[in-house]
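Scroll down for the structure; my scribbles are underneath it.
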Amino acid sequence: MKWLVIAPLALLVLVQLWFFLHICWWVDHNPGMSSFMREQQAVLREKNPNANIQQLWVPYDRISNNLKRAIIASEDANFSEHDGVDWDALQKAYEKNSQKHKVVRGGSTITQQLAKNLFLSGSRSYLRKGQELVITYMLEAVMDKERIFEIYLNVVEFGTGIFGAEAAARHYYGVSAANLGAAQAAKLAVMLPNPRFFDKHRDSGYLARRTGVILHRMGAAELP
């Protein structure tokens, strides 16, 4: 009976240690493929065995400040201030979703999204959300905000098989991430909650309206 309790706890600790050691390594080493990348590549290869995702790592200073400001304005306005989880945003999202009786607004921070993208899957469960929070606090404890944001900008999904700012800039606009204009950056940021859908519906009315809103908010976005 004792081992029935100890063995699962020991396994849980080892899993958390595995996550933590990876995060420590990534403080000054760039990650390879994230969990989301592997998952999407496997999906693409079901139709085409030779399919590969598109991603090219670029350092933080070679990514346009327009894109950085747009993503913060759109995804996580308090990124530079919170400790990984924006509890006020989560509360507002819960209230909004309760009113609509469906999920119409998320409350995940950039750090939470990075935790999920690096290690977890797109499935939804309380267990997965709990693990996401643990990894989120690990990231915030070990890395500074700029490093967290740099990794996020290089691994976030922007479309079908498109990951990271450089691949997105080339895919949608034929330019480098360093040369993205304000309107281009705002549109990319707005695509993030549902990138595969907007990759196929680039002329969406919602996308145009929301891009205008983010353009107006970008000036107030605080960069790490």
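Going by the structure tokens order, chains are called A, B, ..., each with residues numbered from 1, while ligands are numbered from 1 in the order shown.
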Next on the checklist: Which of region 111-194 of chain A end up as helix (DSSP H, G or I) when DSSP is run on this backbone - answer as a PyMOL selection string?
Outcome noted: chain A and resi 111-119+126-142+145-155+165-173+177-179+182-191
Under the rule of at most 10 Å, produce a per-residue listing of region 174-211 of chain A near region 147-165 of chain A: chain, number, name, the closest pair of atoms, and the distance in Å, as a Markdown table, using only C-alpha atoms.
```
| residue | atom | partner | partner_atom | distance |
| --- | --- | --- | --- | --- |
| A:Ser176 | CA | A:Ala165 | CA | 8.4 |
| A:Ala177 | CA | A:Ala165 | CA | 5.7 |
| A:Ala178 | CA | A:Ala165 | CA | 9.1 |
| A:Leu180 | CA | A:Ala165 | CA | 9.6 |
| A:Ala185 | CA | A:Ala165 | CA | 9.6 |
| A:Leu188 | CA | A:Phe158 | CA | 7.3 |
| A:Ala189 | CA | A:Phe158 | CA | 8.6 |
| A:Val190 | CA | A:Phe158 | CA | 9.9 |
| A:Met191 | CA | A:Phe158 | CA | 6.9 |
| A:Leu192 | CA | A:Phe158 | CA | 6.0 |
| A:Pro193 | CA | A:Phe158 | CA | 9.0 |
| A:Asn194 | CA | A:Gly159 | CA | 8.2 |
| A:Pro195 | CA | A:Gly159 | CA | 4.6 |
| A:Arg196 | CA | A:Gly159 | CA | 4.4 |
| A:Phe197 | CA | A:Gly159 | CA | 7.7 |
| A:Phe198 | CA | A:Gly159 | CA | 7.4 |
| A:Asp199 | CA | A:Gly159 | CA | 5.3 |
| A:Lys200 | CA | A:Gly159 | CA | 8.6 |
```
Determine, using only C-alpha atoms, which residues of region 99-207 of chain A have any atom at most 9 Å from an atom of region 85-89 of chain A, and tabulate each with its shortest atom pair and distance in Å to one decimal place, rows ordered by chain and then rising number, as a tab-separated table.
```
residue	atom	partner	partner_atom	distance
A:Gly106	CA	A:Ala89	CA	8.3
A:Gly107	CA	A:Ala89	CA	5.2
A:Ser108	CA	A:Val85	CA	7.3
A:Thr109	CA	A:Val85	CA	6.1
A:Ile110	CA	A:Val85	CA	8.9
A:Thr111	CA	A:Val85	CA	7.7
A:Gln112	CA	A:Val85	CA	7.1
A:Leu133	CA	A:Val85	CA	7.8
A:Thr136	CA	A:Val85	CA	7.7
A:Tyr137	CA	A:Val85	CA	8.2
```
Would you mind exporting N, CA and C atoms of the selected residues as a tab-separated table (two decimals), in the first residue's frame?
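Final file, out37.tsv:
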```tsv
chain	number	residue	atom	x	y	z
A	106	GLY	N	-10.21	34.07	-23.83
A	106	GLY	CA	-9.22	33.35	-23.04
A	106	GLY	C	-8.56	34.28	-22.04
A	107	GLY	N	-7.92	33.71	-21.04
A	107	GLY	CA	-7.24	34.52	-20.04
A	107	GLY	C	-5.79	34.14	-19.88
A	108	SER	N	-5.28	33.34	-20.80
A	108	SER	CA	-3.91	32.85	-20.68
A	108	SER	C	-2.91	33.95	-21.01
A	109	THR	N	-1.86	34.04	-20.23
A	109	THR	CA	-0.79	34.99	-20.49
A	109	THR	C	0.16	34.43	-21.54
A	110	ILE	N	1.10	35.27	-21.98
A	110	ILE	CA	2.12	34.81	-22.92
A	110	ILE	C	2.93	33.69	-22.31
A	111	THR	N	3.26	33.79	-21.01
A	111	THR	CA	4.04	32.74	-20.36
A	111	THR	C	3.26	31.43	-20.30
A	112	GLN	N	1.97	31.50	-20.01
A	112	GLN	CA	1.15	30.29	-19.99
A	112	GLN	C	1.07	29.65	-21.37
A	133	LEU	N	0.16	25.60	-15.29
A	133	LEU	CA	0.47	26.61	-14.28
A	133	LEU	C	1.80	26.33	-13.60
A	136	THR	N	4.46	27.29	-15.98
A	136	THR	CA	4.47	28.75	-16.08
A	136	THR	C	5.31	29.38	-14.99
A	137	TYR	N	5.11	28.93	-13.76
A	137	TYR	CA	5.86	29.51	-12.65
A	137	TYR	C	7.34	29.09	-12.71
```
Item to check | Nearest residue to Asn30 (chain A) from the set A:Ala73, A:Val58, A:Val13, A:Met138 (distances using only C-alpha atoms) | outcome: A:Val58
